[in-house]
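Working notes for the structure below.
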Amino acid sequence: MLILVCVDHRAKMLPLLETKKRFGVSVLKTGQEAISEYFAKGEQSDETEERLSIRYRQTSSGIFVLEMCCCS
């Protein structure tokens, strides 16, 4: 699998990516459009994550990814 990630110079996450140099990618399955839209909005809340059943796991290298994805 080949994934291209492009981050705008104005993105809030850019300083974090420049500092950490690593990040995780979670590939969503068909039917997980609501999760995609949730993260696209950029404003997260515990209540919405609970409603959408969003759960995270930590990889062996310490990076957090979504559970219940096609691949992470």
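For the structure tokens, the naming scheme is as follows: chains receive sequential letters (A, B, ...) according to their order of presentation, residues are indexed from 1 within each chain, and ligands are indexed from 1 in presentation order.
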
So which residues touch Gln32 (chain A) within 12 Å, counting only C-alpha atoms, skipping near sequence neighbours fewer than 3 positions away, as a list in words?
-> Ser26, Val27, Leu28, Lys29, Ile35, Ser36, Glu37, Tyr38, Phe39, Leu52, Ser53, Ile54, Leu66, Glu67, Met68, Cys69 and Cys70 of chain A

Expected file: the selected residues, N, CA and C atoms, as a PDB file, in the first residue's frame:
```pdb
ATOM      1  N   SER A  26      -4.511   5.526   9.703  1.00  0.00           N
ATOM      2  CA  SER A  26      -5.553   4.508   9.823  1.00  0.00           C
ATOM      3  C   SER A  26      -6.414   4.570   8.570  1.00  0.00           C
ATOM      4  N   VAL A  27      -6.561   3.446   7.888  1.00  0.00           N
ATOM      5  CA  VAL A  27      -7.361   3.386   6.665  1.00  0.00           C
ATOM      6  C   VAL A  27      -8.752   2.890   7.041  1.00  0.00           C
ATOM      7  N   LEU A  28      -9.740   3.735   6.817  1.00  0.00           N
ATOM      8  CA  LEU A  28     -11.105   3.394   7.197  1.00  0.00           C
ATOM      9  C   LEU A  28     -11.741   2.433   6.206  1.00  0.00           C
ATOM     10  N   LYS A  29     -12.723   1.695   6.711  1.00  0.00           N
ATOM     11  CA  LYS A  29     -13.468   0.746   5.890  1.00  0.00           C
ATOM     12  C   LYS A  29     -14.685   1.434   5.273  1.00  0.00           C
ATOM     13  N   ILE A  35     -16.944   8.604  10.702  1.00  0.00           N
ATOM     14  CA  ILE A  35     -15.668   8.766  11.402  1.00  0.00           C
ATOM     15  C   ILE A  35     -14.757   9.683  10.597  1.00  0.00           C
ATOM     16  N   SER A  36     -14.731   9.506   9.292  1.00  0.00           N
ATOM     17  CA  SER A  36     -13.936  10.371   8.425  1.00  0.00           C
ATOM     18  C   SER A  36     -14.373  11.824   8.554  1.00  0.00           C
ATOM     19  N   GLU A  37     -15.667  12.052   8.512  1.00  0.00           N
ATOM     20  CA  GLU A  37     -16.205  13.410   8.640  1.00  0.00           C
ATOM     21  C   GLU A  37     -15.901  13.997  10.007  1.00  0.00           C
ATOM     22  N   TYR A  38     -15.951  13.187  11.041  1.00  0.00           N
ATOM     23  CA  TYR A  38     -15.641  13.645  12.399  1.00  0.00           C
ATOM     24  C   TYR A  38     -14.221  14.197  12.480  1.00  0.00           C
ATOM     25  N   PHE A  39     -13.248  13.448  11.961  1.00  0.00           N
ATOM     26  CA  PHE A  39     -11.867  13.903  12.022  1.00  0.00           C
ATOM     27  C   PHE A  39     -11.595  15.059  11.066  1.00  0.00           C
ATOM     28  N   LEU A  52     -19.696   7.419  18.148  1.00  0.00           N
ATOM     29  CA  LEU A  52     -19.206   6.770  16.930  1.00  0.00           C
ATOM     30  C   LEU A  52     -18.389   5.507  17.217  1.00  0.00           C
ATOM     31  N   SER A  53     -18.266   5.157  18.499  1.00  0.00           N
ATOM     32  CA  SER A  53     -17.493   3.981  18.928  1.00  0.00           C
ATOM     33  C   SER A  53     -16.033   4.052  18.470  1.00  0.00           C
ATOM     34  N   ILE A  54     -15.442   5.236  18.557  1.00  0.00           N
ATOM     35  CA  ILE A  54     -14.050   5.418  18.160  1.00  0.00           C
ATOM     36  C   ILE A  54     -13.155   4.972  19.313  1.00  0.00           C
ATOM     37  N   LEU A  66      -6.315   4.189  15.023  1.00  0.00           N
ATOM     38  CA  LEU A  66      -7.694   3.793  15.295  1.00  0.00           C
ATOM     39  C   LEU A  66      -7.834   2.278  15.264  1.00  0.00           C
ATOM     40  N   GLU A  67      -8.646   1.764  16.184  1.00  0.00           N
ATOM     41  CA  GLU A  67      -9.025   0.352  16.112  1.00  0.00           C
ATOM     42  C   GLU A  67     -10.139   0.231  15.086  1.00  0.00           C
ATOM     43  N   MET A  68     -10.470  -0.972  14.706  1.00  0.00           N
ATOM     44  CA  MET A  68     -11.600  -1.249  13.824  1.00  0.00           C
ATOM     45  C   MET A  68     -11.438  -0.611  12.440  1.00  0.00           C
ATOM     46  N   CYS A  69     -10.228  -0.536  11.947  1.00  0.00           N
ATOM     47  CA  CYS A  69      -9.968  -0.001  10.613  1.00  0.00           C
ATOM     48  C   CYS A  69      -9.565  -1.121   9.675  1.00  0.00           C
ATOM     49  N   CYS A  70      -9.502  -0.775   8.407  1.00  0.00           N
ATOM     50  CA  CYS A  70      -9.054  -1.719   7.388  1.00  0.00           C
ATOM     51  C   CYS A  70      -7.612  -2.126   7.681  1.00  0.00           C
TER      52      CYS A  70
END
```

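Closest approach to Ala11 (chain A) from the set A:Gly42, A:Thr30, A:Glu47, A:Val25 is made by A:Gly42, with distances taken over only C-alpha atoms.
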
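If you measure from each of A:Arg10, A:Gly31, A:Gln44, A:Gly24 to Gln58 (chain A) using only C-alpha atoms, the closest one turns out to be A:Gly24.
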
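CA of Phe23 (chain A) to CA of Ser61 (chain A) spans 10.2 Å [interatomic distance, one decimal].
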
Please provide as a PDB file with N, CA, C and O atoms, in the first residue's frame all residues within 10 Å of Arg57 (chain A), with the sequence filter that same-chain residues fewer than 2 positions apart are discarded (counting only C-alpha atoms).
```pdb
ATOM      1  N   ARG A  55     -12.263   4.055  19.017  1.00  0.00           N
ATOM      2  CA  ARG A  55     -11.308   3.533  19.989  1.00  0.00           C
ATOM      3  C   ARG A  55      -9.919   3.610  19.376  1.00  0.00           C
ATOM      4  O   ARG A  55      -9.743   3.490  18.168  1.00  0.00           O
ATOM      5  N   THR A  59       0.624   1.462  18.888  1.00  0.00           N
ATOM      6  CA  THR A  59       1.495   0.503  18.203  1.00  0.00           C
ATOM      7  C   THR A  59       2.721   0.218  19.059  1.00  0.00           C
ATOM      8  O   THR A  59       2.972   0.902  20.060  1.00  0.00           O
ATOM      9  N   SER A  60       3.511  -0.757  18.658  1.00  0.00           N
ATOM     10  CA  SER A  60       4.719  -1.098  19.410  1.00  0.00           C
ATOM     11  C   SER A  60       5.724   0.053  19.423  1.00  0.00           C
ATOM     12  O   SER A  60       6.560   0.138  20.312  1.00  0.00           O
ATOM     13  N   GLY A  62       4.765   3.147  19.777  1.00  0.00           N
ATOM     14  CA  GLY A  62       4.170   4.206  20.583  1.00  0.00           C
ATOM     15  C   GLY A  62       3.265   5.165  19.845  1.00  0.00           C
ATOM     16  O   GLY A  62       2.893   6.201  20.382  1.00  0.00           O
ATOM     17  N   ILE A  63       2.877   4.835  18.631  1.00  0.00           N
ATOM     18  CA  ILE A  63       2.008   5.709  17.848  1.00  0.00           C
ATOM     19  C   ILE A  63       0.565   5.246  18.007  1.00  0.00           C
ATOM     20  O   ILE A  63       0.269   4.065  17.947  1.00  0.00           O
ATOM     21  N   PHE A  64      -0.344   6.211  18.210  1.00  0.00           N
ATOM     22  CA  PHE A  64      -1.752   5.878  18.356  1.00  0.00           C
ATOM     23  C   PHE A  64      -2.428   5.815  16.992  1.00  0.00           C
ATOM     24  O   PHE A  64      -2.227   6.685  16.145  1.00  0.00           O
ATOM     25  N   VAL A  65      -3.215   4.759  16.780  1.00  0.00           N
ATOM     26  CA  VAL A  65      -4.001   4.569  15.561  1.00  0.00           C
ATOM     27  C   VAL A  65      -5.409   4.152  15.964  1.00  0.00           C
ATOM     28  O   VAL A  65      -5.651   3.781  17.117  1.00  0.00           O
ATOM     29  N   LEU A  66      -6.315   4.189  15.023  1.00  0.00           N
ATOM     30  CA  LEU A  66      -7.694   3.793  15.295  1.00  0.00           C
ATOM     31  C   LEU A  66      -7.834   2.278  15.264  1.00  0.00           C
ATOM     32  O   LEU A  66      -7.259   1.613  14.417  1.00  0.00           O
ATOM     33  N   GLU A  67      -8.646   1.764  16.184  1.00  0.00           N
ATOM     34  CA  GLU A  67      -9.025   0.352  16.112  1.00  0.00           C
ATOM     35  C   GLU A  67     -10.139   0.231  15.086  1.00  0.00           C
ATOM     36  O   GLU A  67     -10.715   1.231  14.663  1.00  0.00           O
ATOM     37  N   MET A  68     -10.470  -0.972  14.706  1.00  0.00           N
ATOM     38  CA  MET A  68     -11.600  -1.249  13.824  1.00  0.00           C
ATOM     39  C   MET A  68     -11.438  -0.611  12.440  1.00  0.00           C
ATOM     40  O   MET A  68     -12.410  -0.173  11.836  1.00  0.00           O
ATOM     41  N   SER A  72      -3.972  -0.315   9.961  1.00  0.00           N
ATOM     42  CA  SER A  72      -3.365   0.805  10.681  1.00  0.00           C
ATOM     43  C   SER A  72      -1.889   0.550  10.822  1.00  0.00           C
ATOM     44  O   SER A  72      -1.448  -0.560  10.922  1.00  0.00           O
TER      45      SER A  72
END
```
